[in-house]
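Just below is one structure, and these are the notes that go with it.
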Amino acid sequence: VIISLFHIIGPSFCRMHLSMRNVVIIPLLILFHGLLTLARPATFQQDFKVTWSESHLKLVEGGRVIQLILDQSSGCGFASKYKYMYGRVSMKIKLVSGDSAGTVTAFYMNSDTDNIRDELDFEFLGNRTGQPYTVQTNIYAHGKGDREQRVNLWFDPSTDYHSYTILWNHYHTVFYVDAVPIREYINNEAKGIPYPKSQPMGVYSTLWEADDWATRGGLEKIDWSKAPFYAYYKDFDIEGCVVPGPASCASNVNNTWEGAAYKALSPVEAKKYQWVRTNHMIYDYCTDKSRYPVPPPECQA
């Protein structure tokens with residue numbers, strides 16, 4: 001119903017806000033020819049779909065929380081039913097607790113195209129008990145990835161929920177952890193550097209086994225005696241131009257995520273960003289001379 005309404009009312013109102021919460025925080029009201037329409041909060045059943053191993057994904061706590069399960073038989077995953085062109089996506093996640101070495105919990109956006117893929121990745125790499133959790137980010141633009149950065153989180157993300165956000169607009173792409181920017185990829189297409197701008201992307205999450213690389217480069221293997229492993233998701237927020245929808249939506253400068261506050265990191269954000277890079281970054285492809293004797297152009301830019 002919402003998608004059809006966007007086709008009717010045009011680009012001025014083509015933004016869509018989805019919030020999977022217990023209550024409506026900020027309801028979206030649309031006034032069109034005297035008709036008042038309320039877009040209610042998103043629900044997993046209506047706005048997402050299971051993409052892998054339905055038996056390993058459960059709704060708990062009255063449907064407010066999604067539990068992902070990994071055991072020796074399978075991992076699992078889910079995705080949004082719609083794709084979005086630019087926007088801001090956020091979710092709260094409680095990661096696998098205890099000895100999680102060899103597991104990967106992922107939250108990402110993907111164009112789901114075979115040849116020229118665009119993708120924005122959060123990958124949470126499991127650890128041995130007592131060791132810090134590592135979050136790896138990666139960016140694919142025009143089919144080219146291999147832009148990994150790794151940060152050790154400064155808290156235990158398995159004891160409580162924390163917010164993870166991807167901001168994607170015409171100016172830059174920013175990865176946030178609890179409102180702290182840990183990665184910024186600036187749009188430098190004017191300098192010939194690829195930037196994801198031509199393909200809409202869906203929202204995905206998975207829990208899977210990757211002990212050939214995830215923990216200490218594959219040295220630490222998964223301990224199946226600790227299985228099953230659980231990750232929990234809740235409070236999904238999606239703001240973006242729904243595709244299919246009005247083609248002019250993505251270029252609308254009035255979209256919230258294109259506003260002045262989102263064109264660049266604020267001074268406070270820039271300070272937090274530098275703190276993360278100085279104190280918690282453990283790997284940056286830009287400085288990996290064994291892979292790139294000459295830094296990639298986006299690193300130089």
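FYI, nothing fancy with the structure tokens labels: chains A, B, ... in order, residues from 1 per chain, ligands from 1 as they appear.
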*Output as a VMD selection string all residues of stretch 25-141 of chain A that backbone DSSP marks as helix (DSSP H, G or I).*
chain A and resid 44 to 47 54 to 56
Write the residues of the preceding selection, restricted to N, CA, C and O atoms, as a short mmCIF file (atom, residue, chain, number, x, y, z; two decimals), in the first residue's frame.
data_model
loop_
_atom_site.label_atom_id
_atom_site.label_comp_id
_atom_site.auth_asym_id
_atom_site.auth_seq_id
_atom_site.Cartn_x
_atom_site.Cartn_y
_atom_site.Cartn_z
N PHE A 44 8.66 -7.49 10.99
CA PHE A 44 9.51 -8.42 10.27
C PHE A 44 8.71 -9.17 9.21
O PHE A 44 9.16 -9.32 8.07
N GLN A 45 7.50 -9.59 9.55
CA GLN A 45 6.71 -10.39 8.62
C GLN A 45 6.36 -9.62 7.36
O GLN A 45 6.29 -10.19 6.27
N GLN A 46 6.11 -8.32 7.47
CA GLN A 46 5.65 -7.55 6.33
C GLN A 46 6.79 -6.92 5.52
O GLN A 46 6.65 -6.73 4.32
N ASP A 47 7.90 -6.61 6.16
CA ASP A 47 8.94 -5.83 5.48
C ASP A 47 10.25 -6.57 5.27
O ASP A 47 11.15 -6.06 4.60
N GLU A 54 15.01 -21.13 7.27
CA GLU A 54 13.93 -20.57 8.08
C GLU A 54 13.87 -21.21 9.47
O GLU A 54 13.50 -20.55 10.45
N SER A 55 14.28 -22.48 9.58
CA SER A 55 14.22 -23.17 10.87
C SER A 55 15.22 -22.60 11.88
O SER A 55 15.11 -22.87 13.08
N HIS A 56 16.20 -21.82 11.40
CA HIS A 56 17.22 -21.27 12.28
C HIS A 56 17.00 -19.79 12.59
O HIS A 56 17.91 -19.11 13.08
#
*May I ask for the distance between atom CA of A:Tyr204 and atom CA of A:Leu120, given in Å to one decimal place?*
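Interatomic distance, atom CA of A:Tyr204 to atom CA of A:Leu120: 10.2 Å.
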*Can you list, as a list in words, every protein, DNA or RNA residue that comes within 10 Å of A:Gly192 when you count only C-alpha atoms, leaving out same-chain residues fewer than 5 positions away?*
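Everything that qualifies: Asn187, Pro297 and Glu298 of chain A.
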I need the chosen residues saved as an mmCIF file, in the first residue's frame, with N, CA and C atoms.
data_model
loop_
_atom_site.group_PDB
_atom_site.id
_atom_site.type_symbol
_atom_site.label_atom_id
_atom_site.label_comp_id
_atom_site.auth_asym_id
_atom_site.auth_seq_id
_atom_site.Cartn_x
_atom_site.Cartn_y
_atom_site.Cartn_z
ATOM 1 N N ASN A 187 32.694 10.334 -1.498
ATOM 2 C CA ASN A 187 32.427 10.277 -2.937
ATOM 3 C C ASN A 187 33.444 11.157 -3.667
ATOM 4 N N PRO A 297 43.761 4.500 -5.253
ATOM 5 C CA PRO A 297 43.512 5.945 -5.445
ATOM 6 C C PRO A 297 42.614 6.563 -4.402
ATOM 7 N N GLU A 298 41.605 5.829 -3.899
ATOM 8 C CA GLU A 298 40.729 6.419 -2.902
ATOM 9 C C GLU A 298 41.472 6.673 -1.583
#
_I'd like the contact shell of A:Lys83 - 10 Å cut-off, only C-alpha atoms, skipping same-chain residues fewer than 6 positions apart - returned as an MDAnalysis selection string._
chainID A and resid 109:112 199:203 240:244
Would you mind listing what lies within 6 Å of stretch 70-72 of chain A as a compact mmCIF listing (two decimals) with C-alpha atoms, in the first residue's frame, with only C-alpha atoms counted and same-chain residues fewer than 4 positions away left out?
# COMPACT_ATOMS: atom_id res chain seq x y z
CA ALA A 227 26.90 -24.49 19.67
CA PRO A 228 24.23 -23.42 19.07
CA PHE A 229 25.34 -19.80 18.67
*Have a look at A:Ile222, A:Ile193, A:Val253, A:Val151 and name the one nearest to A:Trp275; count only C-alpha atoms.*
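Residue with the minimum atom-to-atom distance to A:Trp275: A:Val151.
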_Applying 12 Å and only C-alpha atoms, which residues near A:Met281 remain after dropping the ones on its own chain fewer than 5 positions away? List them as a list of chain:residue names._
A:Tyr133, A:Thr134, A:Val135, A:Gln136, A:Thr137, A:Glu148, A:Gln149, A:Arg150, A:Val151, A:Asn152, A:Leu153, A:Trp154, A:Ile182, A:Arg183, A:Tyr273, A:Gln274, A:Trp275, A:Val276, A:Thr287
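From atom CA of A:Tyr232 back to atom CA of A:Thr129, the distance works out to 18.6 Å.
For the choices A:Ala179, A:Met85, A:Ile93, A:Ile282, the atom-to-atom distance to A:Cys249 is smallest for A:Met85 when using only C-alpha atoms.
Relative to atom CA of A:Asn254, atom CA of A:Val268 is found at 24.0 Å.
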*Would you list the contacts of A:Cys299 as a list in words, taking every protein, DNA or RNA residue within 10 Å and counting only C-alpha atoms, but skipping same-chain residues closer than 5 positions in sequence?*
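Here the answer would be Arg147, Tyr185, Ile193, Asp284, Tyr285, Cys286, Thr287 and Val294 of chain A.
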*When distances are computed from only C-alpha atoms, which of A:Gly77, A:Ile238, A:Ser225, A:Gly102 shows the smallest separation from A:Ser53?*
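So, comparing all the options, the nearest one is A:Gly77.
Counting only C-alpha atoms, the residue from A:Arg277, A:Ala301, A:Leu167, A:Ser97 that sits nearest to A:Ala190 is A:Ala301.
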*From a DSSP calculation on the backbone, collect every residue of stretch 36-217 of chain A in strand (DSSP E or B) and output the set as a VMD selection string.*
chain A and resid 36 to 39 48 to 52 57 to 60 65 to 71 74 76 to 80 83 to 94 103 to 110 119 to 125 134 to 141 144 149 to 152 162 to 168 172 to 177 180 to 186 201 to 209
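Of the residues under consideration (A:Gly87, A:Gly126, A:Pro296, A:Pro267), A:Gly126 shows the shortest atom-to-atom contact distance to A:Thr103 when counting only C-alpha atoms.
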